[in-house]
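Peer 1: Contents of input_37.csv (CSV, C-alpha atoms):
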chain,number,residue,atom,x,y,z
A,1,MET,CA,28.8,2.3,7.9
A,2,MET,CA,29.8,5.9,7.6
A,3,ASN,CA,31.1,6.9,4.2
A,4,ILE,CA,34.9,7.5,4.6
A,5,ASN,CA,35.1,10.5,2.3
A,6,LYS,CA,32.1,12.1,4.0
A,7,TYR,CA,33.7,11.6,7.4
A,8,ALA,CA,37.0,13.1,6.2
A,9,SER,CA,35.2,16.1,4.7
A,10,THR,CA,33.3,16.6,8.0
A,11,THR,CA,36.6,16.4,10.0
A,12,ARG,CA,38.3,19.0,7.8
A,13,PHE,CA,35.3,21.3,8.2
A,14,ILE,CA,35.4,21.0,12.0
A,15,THR,CA,39.1,21.6,12.0
A,16,ARG,CA,38.8,24.8,9.9
A,17,PHE,CA,35.9,25.9,12.1
A,18,LEU,CA,37.8,25.5,15.3
A,19,HIS,CA,40.9,27.2,13.9
A,20,LYS,CA,38.9,30.3,12.9
A,21,ARG,CA,37.5,30.5,16.4
A,22,ASN,CA,40.9,30.6,18.1
A,23,PHE,CA,41.7,33.4,20.5
A,24,HIS,CA,42.5,36.7,18.8
A,25,ALA,CA,42.7,40.3,19.7
A,26,LEU,CA,39.7,42.6,19.4
A,27,PRO,CA,39.8,45.8,17.3
A,28,ILE,CA,41.4,48.4,19.5
A,29,SER,CA,41.5,52.2,19.3
A,30,ASN,CA,44.5,54.6,19.4
A,31,GLN,CA,43.7,55.1,23.1
A,32,PHE,CA,45.8,51.9,23.7
A,33,VAL,CA,49.5,52.4,24.5
A,34,ILE,CA,51.1,48.9,24.2
A,35,LYS,CA,54.8,48.5,25.0
A,36,PRO,CA,56.7,47.5,21.9
A,37,GLU,CA,58.0,44.2,23.4
A,38,ILE,CA,54.4,43.2,24.4
A,39,LYS,CA,53.0,44.2,21.0
A,40,ALA,CA,55.7,42.1,19.2
A,41,ALA,CA,55.0,39.1,21.4
A,42,ILE,CA,51.3,39.3,20.8
A,43,GLN,CA,51.8,39.5,17.1
A,44,ASN,CA,54.0,36.4,17.2
A,45,GLN,CA,51.8,34.5,19.6
A,46,GLY,CA,54.5,34.7,22.2
A,47,PRO,CA,53.9,34.3,26.0
A,48,VAL,CA,52.5,37.4,27.6
A,49,VAL,CA,50.9,37.6,31.1
A,50,ALA,CA,48.5,40.4,32.0
A,51,LEU,CA,48.6,41.9,35.5
A,52,GLU,CA,46.0,44.2,37.2
A,53,SER,CA,46.9,47.5,38.9
A,54,THR,CA,44.3,47.7,41.7
A,55,ILE,CA,46.5,45.3,43.6
A,56,ILE,CA,49.1,48.0,43.5
A,57,SER,CA,46.9,51.0,44.3
A,58,HIS,CA,44.4,49.5,46.7
A,59,GLY,CA,45.7,46.0,47.7
A,60,MET,CA,48.9,46.9,49.5
A,61,PRO,CA,50.6,49.9,51.1
A,62,TYR,CA,53.6,51.7,49.7
A,63,PRO,CA,56.4,50.7,49.2
A,64,GLN,CA,55.5,47.0,49.4
A,65,ASN,CA,53.0,47.5,46.5
A,66,VAL,CA,55.7,48.7,44.1
A,67,GLU,CA,58.3,46.2,45.3
A,68,THR,CA,55.8,43.3,44.9
A,69,ALA,CA,54.8,44.6,41.4
A,70,LYS,CA,58.4,44.7,40.2
A,71,THR,CA,59.2,41.3,41.8
A,72,VAL,CA,56.1,39.7,40.1
A,73,GLU,CA,57.2,41.1,36.7
A,74,THR,CA,60.7,39.7,37.2
A,75,ILE,CA,59.3,36.2,38.2
A,76,ILE,CA,57.2,36.2,35.0
A,77,ARG,CA,60.2,37.1,32.9
A,78,ASN,CA,62.2,34.3,34.6
A,79,GLN,CA,59.7,31.8,33.4
A,80,GLY,CA,60.2,33.0,29.8
A,81,ALA,CA,57.1,35.2,29.5
A,82,ILE,CA,56.6,39.0,29.2
A,83,PRO,CA,54.6,40.8,32.0
A,84,ALA,CA,51.9,43.4,31.0
A,85,THR,CA,50.6,45.4,33.9
A,86,ILE,CA,47.5,47.3,32.8
A,87,ALA,CA,46.4,50.8,34.0
A,88,LEU,CA,44.7,54.0,32.7
A,89,LEU,CA,47.0,57.0,32.7
A,90,ASP,CA,46.3,60.5,31.2
A,91,GLY,CA,43.3,59.3,29.1
A,92,ARG,CA,45.0,56.3,27.6
A,93,ILE,CA,45.0,52.6,28.3
A,94,HIS,CA,48.5,51.4,29.0
A,95,ILE,CA,49.3,47.7,28.3
A,96,GLY,CA,52.6,47.4,30.2
A,97,LEU,CA,54.0,50.0,32.6
A,98,THR,CA,57.5,51.5,33.0
A,99,ASP,CA,59.2,51.4,36.3
A,100,GLN,CA,58.4,55.1,36.7
A,101,GLU,CA,54.7,54.5,36.0
A,102,LEU,CA,54.6,51.7,38.5
A,103,GLU,CA,56.3,53.9,41.1
A,104,TYR,CA,53.7,56.7,40.4
A,105,LEU,CA,50.8,54.4,40.7
A,106,GLY,CA,52.1,52.9,44.0
A,107,LYS,CA,52.8,56.3,45.5
A,108,ILE,CA,49.3,57.8,44.8
A,109,GLY,CA,47.7,54.6,46.0
A,110,ARG,CA,44.0,55.0,46.6
A,111,LYS,CA,43.9,58.4,44.9
A,112,ALA,CA,43.8,56.3,41.7
A,113,GLN,CA,40.3,55.4,40.8
A,114,LYS,CA,39.4,51.7,41.3
A,115,THR,CA,38.3,51.0,37.7
A,116,SER,CA,36.0,48.0,36.9
A,117,ARG,CA,34.4,47.5,33.5
A,118,ARG,CA,31.6,49.9,34.2
A,119,ASP,CA,34.1,52.7,35.1
A,120,LEU,CA,36.3,52.4,32.0
A,121,ALA,CA,34.6,55.0,29.8
A,122,MET,CA,34.2,57.6,32.5
A,123,VAL,CA,37.8,57.3,33.8
A,124,LEU,CA,39.2,57.4,30.2
A,125,SER,CA,37.1,60.3,29.1
A,126,GLN,CA,38.0,62.3,32.2
A,127,LYS,CA,41.7,61.5,31.8
A,128,LYS,CA,41.9,60.2,35.4
A,129,THR,CA,44.3,57.7,36.7
A,130,GLY,CA,42.6,54.3,36.8
A,131,ALA,CA,43.7,51.1,38.5
A,132,THR,CA,42.1,48.1,36.8
A,133,THR,CA,40.3,45.4,38.7
A,134,VAL,CA,40.0,41.7,37.7
A,135,ALA,CA,37.0,42.5,35.4
A,136,SER,CA,38.5,45.5,33.6
A,137,THR,CA,41.9,43.8,33.3
A,138,MET,CA,40.3,40.8,31.7
A,139,PHE,CA,38.4,43.0,29.2
A,140,LEU,CA,41.4,45.1,28.3
A,141,ALA,CA,43.7,42.0,28.1
A,142,ARG,CA,41.2,40.4,25.7
A,143,ALA,CA,41.1,43.5,23.6
A,144,ALA,CA,44.9,43.5,23.3
A,145,GLY,CA,45.1,39.8,22.6
A,146,ILE,CA,46.5,38.5,25.9
A,147,PRO,CA,44.9,35.2,27.0
A,148,ILE,CA,46.6,34.8,30.4
A,149,PHE,CA,46.1,37.0,33.5
A,150,VAL,CA,47.7,36.6,36.9
A,151,THR,CA,46.2,38.2,40.1
A,152,GLY,CA,46.0,37.5,43.8
A,153,GLY,CA,42.4,36.5,44.3
A,154,ILE,CA,39.2,37.1,42.3
A,155,GLY,CA,36.1,38.8,43.6
A,156,GLY,CA,32.9,36.9,44.1
A,157,VAL,CA,29.6,36.7,46.0
A,158,HIS,CA,29.9,38.8,49.2
A,159,ARG,CA,28.7,37.4,52.5
A,160,GLY,CA,25.1,38.5,53.0
A,161,ALA,CA,24.5,38.9,49.3
A,162,GLU,CA,21.0,37.4,49.7
A,163,GLN,CA,20.1,40.8,51.3
A,164,THR,CA,22.6,43.2,49.6
A,165,PHE,CA,22.9,41.6,46.1
A,166,ASP,CA,26.6,42.5,46.3
A,167,ILE,CA,28.2,40.3,43.6
A,168,SER,CA,31.5,41.2,42.0
A,169,ALA,CA,31.6,42.1,38.3
A,170,ASP,CA,34.5,39.8,38.1
A,171,LEU,CA,32.1,36.8,37.9
A,172,ILE,CA,30.1,38.3,35.1
A,173,GLU,CA,33.3,39.1,33.1
A,174,LEU,CA,34.5,35.6,33.6
A,175,GLY,CA,31.3,34.4,32.0
A,176,LYS,CA,31.8,36.3,28.8
A,177,THR,CA,35.5,37.0,28.3
A,178,PRO,CA,37.9,34.1,27.3
A,179,VAL,CA,40.8,35.0,29.5
A,180,ALA,CA,42.4,32.5,31.9
A,181,VAL,CA,42.8,33.8,35.4
A,182,ILE,CA,45.5,32.3,37.6
A,183,CYS,CA,44.8,33.2,41.2
A,184,GLY,CA,44.9,32.1,44.8
A,185,GLY,CA,41.2,31.4,44.7
A,186,VAL,CA,38.3,33.6,45.8
A,187,LYS,CA,39.2,36.2,48.4
A,188,SER,CA,38.6,34.8,51.9
A,189,ILE,CA,36.3,37.7,52.9
A,190,LEU,CA,33.7,36.4,50.4
A,191,ASP,CA,31.3,33.5,50.3
A,192,ILE,CA,33.3,30.9,48.5
A,193,GLN,CA,30.6,28.3,48.2
A,194,LYS,CA,28.1,30.7,46.6
A,195,THR,CA,30.9,32.1,44.4
A,196,LEU,CA,31.6,28.7,43.0
A,197,GLU,CA,27.9,28.1,42.4
A,198,TYR,CA,27.7,31.5,40.5
A,199,LEU,CA,30.7,30.6,38.4
A,200,GLU,CA,29.0,27.3,37.4
A,201,THR,CA,25.9,29.2,36.4
A,202,GLN,CA,28.1,31.5,34.2
A,203,GLY,CA,29.7,28.5,32.5
A,204,VAL,CA,33.2,29.2,33.9
A,205,THR,CA,35.6,26.3,34.2
A,206,VAL,CA,37.1,26.3,37.7
A,207,THR,CA,40.2,24.2,38.3
A,208,THR,CA,42.6,23.7,41.3
A,209,LEU,CA,46.1,23.5,40.0
A,210,ASP,CA,48.1,21.5,42.5
A,211,LYS,CA,49.9,18.2,42.7
A,212,GLN,CA,48.7,17.3,46.2
A,213,SER,CA,45.1,18.5,46.7
A,214,LYS,CA,41.7,18.6,45.0
A,215,ARG,CA,40.5,21.2,47.4
A,216,PHE,CA,39.6,24.8,46.3
A,217,PRO,CA,42.0,27.2,48.1
A,218,SER,CA,41.0,29.9,50.4
A,219,PHE,CA,43.3,32.8,49.4
A,220,TYR,CA,45.4,33.2,52.6
A,221,THR,CA,45.2,29.4,53.3
A,222,PRO,CA,45.5,26.5,50.9
A,223,ASP,CA,42.2,24.7,51.8
A,224,SER,CA,38.7,26.2,51.9
A,225,GLY,CA,37.2,22.8,52.8
A,226,ILE,CA,35.4,22.7,49.5
A,227,ASP,CA,36.2,20.3,46.7
A,228,SER,CA,37.2,21.9,43.4
A,229,PRO,CA,35.1,21.1,40.3
A,230,TYR,CA,38.3,20.1,38.5
A,231,TYR,CA,41.9,19.7,39.4
A,232,LEU,CA,45.1,19.4,37.3
A,233,GLU,CA,48.6,18.6,38.5
A,234,ASN,CA,50.8,20.6,36.0
A,235,THR,CA,50.9,23.8,34.0
A,236,LEU,CA,51.1,22.0,30.6
A,237,ASP,CA,47.7,20.4,31.1
A,238,ALA,CA,46.4,23.8,32.2
A,239,ALA,CA,47.6,25.3,28.9
A,240,LYS,CA,46.0,22.5,26.9
A,241,SER,CA,42.6,23.2,28.5
A,242,ILE,CA,43.0,26.9,27.7
A,243,LEU,CA,43.7,26.1,24.1
A,244,ALA,CA,40.7,23.8,23.9
A,245,ASN,CA,38.5,26.6,25.4
A,246,HIS,CA,39.7,28.9,22.6
A,247,GLN,CA,39.3,26.4,19.9
A,248,LEU,CA,35.7,25.6,20.9
A,249,GLY,CA,34.9,29.3,20.9
A,250,LEU,CA,33.3,29.1,24.4
A,251,ASN,CA,33.9,32.8,24.9
A,252,SER,CA,34.1,32.3,28.7
A,253,GLY,CA,37.0,32.7,31.1
A,254,MET,CA,38.7,30.0,33.1
A,255,VAL,CA,39.8,30.1,36.8
A,256,PHE,CA,42.9,28.3,37.8
A,257,ALA,CA,43.1,28.4,41.6
A,258,VAL,CA,46.6,27.8,42.9
A,259,PRO,CA,46.9,27.1,46.6
A,260,ILE,CA,49.3,29.3,48.6
A,261,PRO,CA,52.4,27.3,49.5
A,262,LYS,CA,51.9,25.9,53.0
A,263,GLU,CA,55.1,27.6,54.4
A,264,ALA,CA,53.6,31.0,53.3
A,265,ALA,CA,50.1,30.4,54.5
A,266,ALA,CA,48.5,32.4,57.3
A,267,ASP,CA,47.1,30.7,60.4
A,268,ALA,CA,43.5,29.7,59.5
A,269,ALA,CA,42.0,30.5,62.9
A,270,SER,CA,43.5,33.9,63.3
A,271,ILE,CA,42.6,34.8,59.7
A,272,GLN,CA,39.0,33.8,60.2
A,273,THR,CA,38.7,35.7,63.4
A,274,ALA,CA,40.1,38.8,61.7
A,275,ILE,CA,37.8,38.5,58.7
A,276,GLU,CA,34.7,38.3,60.9
A,277,HIS,CA,35.8,41.3,63.0
A,278,ALA,CA,36.6,43.3,59.9
A,279,ILE,CA,33.3,42.5,58.3
A,280,SER,CA,31.4,43.6,61.4
A,281,GLU,CA,33.3,46.9,61.3
A,282,ALA,CA,32.4,47.4,57.7
A,283,ARG,CA,28.7,46.8,58.4
A,284,ALA,CA,28.8,49.1,61.4
A,285,ASN,CA,30.4,51.9,59.3
A,286,ASN,CA,28.1,51.2,56.3
A,287,ILE,CA,31.2,50.5,54.0
A,288,THR,CA,29.8,48.8,50.9
A,289,GLY,CA,30.3,48.4,47.2
A,290,LYS,CA,33.8,48.8,45.7
A,291,GLU,CA,35.1,50.4,48.9
A,292,GLU,CA,34.4,47.3,51.0
A,293,THR,CA,37.1,44.9,49.7
A,294,PRO,CA,40.0,47.4,50.1
A,295,PHE,CA,38.8,48.3,53.6
A,296,LEU,CA,38.6,44.6,54.6
A,297,LEU,CA,42.0,43.7,53.2
A,298,LYS,CA,43.6,46.7,55.0
A,299,ARG,CA,41.8,46.0,58.3
A,300,ILE,CA,42.6,42.3,58.2
A,301,ALA,CA,46.3,43.1,57.7
A,302,GLU,CA,46.1,45.4,60.8
A,303,LEU,CA,44.3,42.8,62.9
A,304,THR,CA,46.8,40.1,62.0
A,305,GLN,CA,49.7,42.4,62.5
A,306,GLY,CA,50.8,42.1,58.9
A,307,GLU,CA,50.5,38.3,58.6
A,308,SER,CA,47.8,38.5,56.0
A,309,LEU,CA,49.8,41.0,53.9
A,310,VAL,CA,52.8,38.7,53.9
A,311,ALA,CA,50.6,35.8,52.8
A,312,ASN,CA,49.1,38.0,50.1
A,313,ILE,CA,52.5,39.0,48.7
A,314,GLU,CA,53.7,35.4,48.7
A,315,LEU,CA,50.7,34.0,47.0
A,316,VAL,CA,50.9,36.6,44.2
A,317,LYS,CA,54.5,35.7,43.6
A,318,ASN,CA,53.6,32.0,43.4
A,319,ASN,CA,50.7,32.7,41.0
A,320,ALA,CA,53.1,34.7,38.8
A,321,ARG,CA,55.5,31.8,38.6
A,322,ILE,CA,52.6,29.4,37.6
A,323,GLY,CA,51.1,31.9,35.2
A,324,GLY,CA,54.4,32.5,33.4
A,325,GLN,CA,54.8,28.8,32.9
A,326,ILE,CA,51.2,28.4,31.5
A,327,ALA,CA,51.8,31.3,29.1
A,328,VAL,CA,54.9,29.7,27.8
A,329,HIS,CA,53.2,26.3,27.3
A,330,LEU,CA,50.2,27.9,25.6
A,331,SER,CA,52.5,29.8,23.2
A,332,GLN,CA,54.3,26.6,22.3
A,333,LEU,CA,51.1,24.7,21.8
A,334,LYS,CA,49.8,27.4,19.4
A,335,LYS,CA,53.0,27.5,17.4
Rewrite the structure from the file as structure tokens, please.
Peer 2:
Amino acid sequence: MMNINKYASTTRFITRFLHKRNFHALPISNQFVIKPEIKAAIQNQGPVVALESTIISHGMPYPQNVETAKTVETIIRNQGAIPATIALLDGRIHIGLTDQELEYLGKIGRKAQKTSRRDLAMVLSQKKTGATTVASTMFLARAAGIPIFVTGGIGGVHRGAEQTFDISADLIELGKTPVAVICGGVKSILDIQKTLEYLETQGVTVTTLDKQSKRFPSFYTPDSGIDSPYYLENTLDAAKSILANHQLGLNSGMVFAVPIPKEAAADAASIQTAIEHAISEARANNITGKEETPFLLKRIAELTQGESLVANIELVKNNARIGGQIAVHLSQLKK
């Protein structure tokens, strides 16, 4: 029989070990500009939700991009959390943008440099305007101490990657940065099955968050035809799993895929036809790398006469609502 005192001592050690490995901010430089309300919330373990800026500059046209960005921030506030849109402006990393900064970013659009992790040092040192991707937003949110991030859809393994080796840096970041990403799944233009396999290899927990389905969503539509590795029915359970990830010190991200509401979903057949057509155009015009995804999203919106754009906007709003709720639950659990 195990000695009671020895068991109690071991339990206390494990508890202290897990507590020390909880989520915390990384040392950051004076190049970070953090809005006061966000800084105060982080210091008090309050609910903060990170937001990327590439979705503003490259994901949607003006003025829908700015309108959506402001609406998303309002939705997060309505859940009781604080939004923190991240971008690089004038040689500094901004955690939280003013309305004027959102407007500026939306108006210049693709003149802003699409900034992934590999681009951060160059964009910062050259004092360019940088719009953060999923990968760089995760990295910067982690540095600032923000554990929750809401976006539209994550990047992944591109179709034909067995020849091109085109795999998004988002997946690598998810494997080494403990930030939970609330999204509408993997962008439909990608190879969803291969992306899920790659995430498994990276040790990333992937969960569908929905009361009705165990299927992994397909961005514009709620069902990709692929079963999700895990599924949860409510945001409290999602927050509990994030806390467990932090306590274990897994140092890997988590993906919570939220199906787009059925009433907002695009027609699956027309979307698939548009995707295949857009990919063929991209191949014919040798559009690859970081330019491919913005081209495809724009072309699909044109081919579907705006249907895909409407779906994109609605799914981001829905993700913001869910992400805000998770952030509030996580904050309460920590306190």
Peer 1: Neighbours of stretch 312-326 of chain A within 8 Å (all atoms listed in the file; same-chain residues fewer than 2 positions away dropped), as a PyMOL selection string?
Peer 2: chain A and resi 47-49+68+71-73+75-77+79-81+148-152+182-184+219-220+235-236+238-239+258-261+264+308-310+328-330
Peer 1: Looking at all atoms listed in the file, which of A:Lys70, A:His24, A:Lys262, A:Arg110 is the one that sits closest to A:Phe295?
Peer 2: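 Using all atoms listed in the file, the shortest distance to A:Phe295 belongs to A:Arg110.
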Peer 1: Mind pulling up the distance from atom CA of A:Ser136 to atom CA of A:Arg117?
Peer 2: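 Interatomic distance here is 4.6 Å.
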Peer 1: What's the 9 Å shell around A:Ser228, counting all atoms listed in the file, without same-chain residues fewer than 5 positions away, as number ranges by chain?
Peer 2: A: 196, 206-208, 214-217, 257
Peer 1: Work out how far atom CA of A:Pro294 is from atom CA of A:Leu105, in Å to one decimal.
Peer 2: 15.9 Å
Peer 1: In file coordinates, which residues lie within 10 Å of (37.9, 44.5, 39.5) using all atoms listed in the file, given as number ranges by chain?
Peer 2: A: 52-55, 114-118, 131-138, 154-155, 168-171, 173, 290
Peer 1: What gap, in Å, lies between atom CA of A:Pro83 and atom CA of A:Gly109?
Peer 2: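 Separating atom CA of A:Pro83 from atom CA of A:Gly109 is a distance of 20.8 Å.
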Peer 1: (35.6, 33.3, 54.3) in this file's frame - what residues fall within 9 Å of it? Use all atoms listed in the file and give the answer as a ChimeraX atom specification.
Peer 2: /A:159,186-192,218,224,271-272,275-276
Peer 1: So which one's closest to A:Leu26, A:Phe139, A:Ala87, A:Met60, A:Asp119? Using only C-alpha atoms, please.
Peer 2: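 Going through A:Phe139, A:Ala87, A:Met60, A:Asp119 one by one, the smallest distance to A:Leu26 is for A:Phe139.
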Peer 1: Please determine, counting only C-alpha atoms, which residue among A:Phe32, A:Tyr198, A:Tyr231, A:Phe256 has the shortest atom-to-atom distance to A:Ala141.
Peer 2: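 The shortest atom-to-atom distance to A:Ala141 comes from A:Phe32.
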Peer 1: Hey, which of A:Gly249, A:Pro36, A:Gly59, A:Gly46 ends up closest to A:Leu296? Count all atoms listed in the file.
Peer 2: A:Gly59
Peer 1: Rank A:Leu51, A:Ile146, A:Val66, A:Leu333 by their smallest atom-to-atom distance to A:Lys39, using all atoms listed in the file, and report the top residue only.
Peer 2: A:Ile146
Peer 1: With only C-alpha atoms as the counted atoms, please give the residues lying no more than 12 Å from A:Leu250, apart from itself and same-chain residues fewer than 6 positions off, as a list of chain:residue names.
Peer 2: A:Leu18, A:Arg21, A:Asn22, A:Phe23, A:Leu174, A:Gly175, A:Lys176, A:Thr177, A:Pro178, A:Val179, A:Gln202, A:Gly203, A:Val204, A:Thr205, A:Ser241, A:Ile242, A:Leu243, A:Ala244
Peer 1: Write a file of the just-selected residues containing C-alpha atoms, as an mmCIF file, in the frame of the given file.
Peer 2:
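The resulting file, selection_30.cif, is reproduced below:
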data_model
loop_
_atom_site.group_PDB
_atom_site.id
_atom_site.type_symbol
_atom_site.label_atom_id
_atom_site.label_comp_id
_atom_site.auth_asym_id
_atom_site.auth_seq_id
_atom_site.Cartn_x
_atom_site.Cartn_y
_atom_site.Cartn_z
ATOM 1 C CA LEU A 18 37.800 25.500 15.300
ATOM 2 C CA ARG A 21 37.500 30.500 16.400
ATOM 3 C CA ASN A 22 40.900 30.600 18.100
ATOM 4 C CA PHE A 23 41.700 33.400 20.500
ATOM 5 C CA LEU A 174 34.500 35.600 33.600
ATOM 6 C CA GLY A 175 31.300 34.400 32.000
ATOM 7 C CA LYS A 176 31.800 36.300 28.800
ATOM 8 C CA THR A 177 35.500 37.000 28.300
ATOM 9 C CA PRO A 178 37.900 34.100 27.300
ATOM 10 C CA VAL A 179 40.800 35.000 29.500
ATOM 11 C CA GLN A 202 28.100 31.500 34.200
ATOM 12 C CA GLY A 203 29.700 28.500 32.500
ATOM 13 C CA VAL A 204 33.200 29.200 33.900
ATOM 14 C CA THR A 205 35.600 26.300 34.200
ATOM 15 C CA SER A 241 42.600 23.200 28.500
ATOM 16 C CA ILE A 242 43.000 26.900 27.700
ATOM 17 C CA LEU A 243 43.700 26.100 24.100
ATOM 18 C CA ALA A 244 40.700 23.800 23.900
#
Peer 1: I'd like to know which of A:Met122, A:His58, A:Glu197, A:Ile42 is closest to A:Ile95, using only C-alpha atoms.
Peer 2: A:Ile42
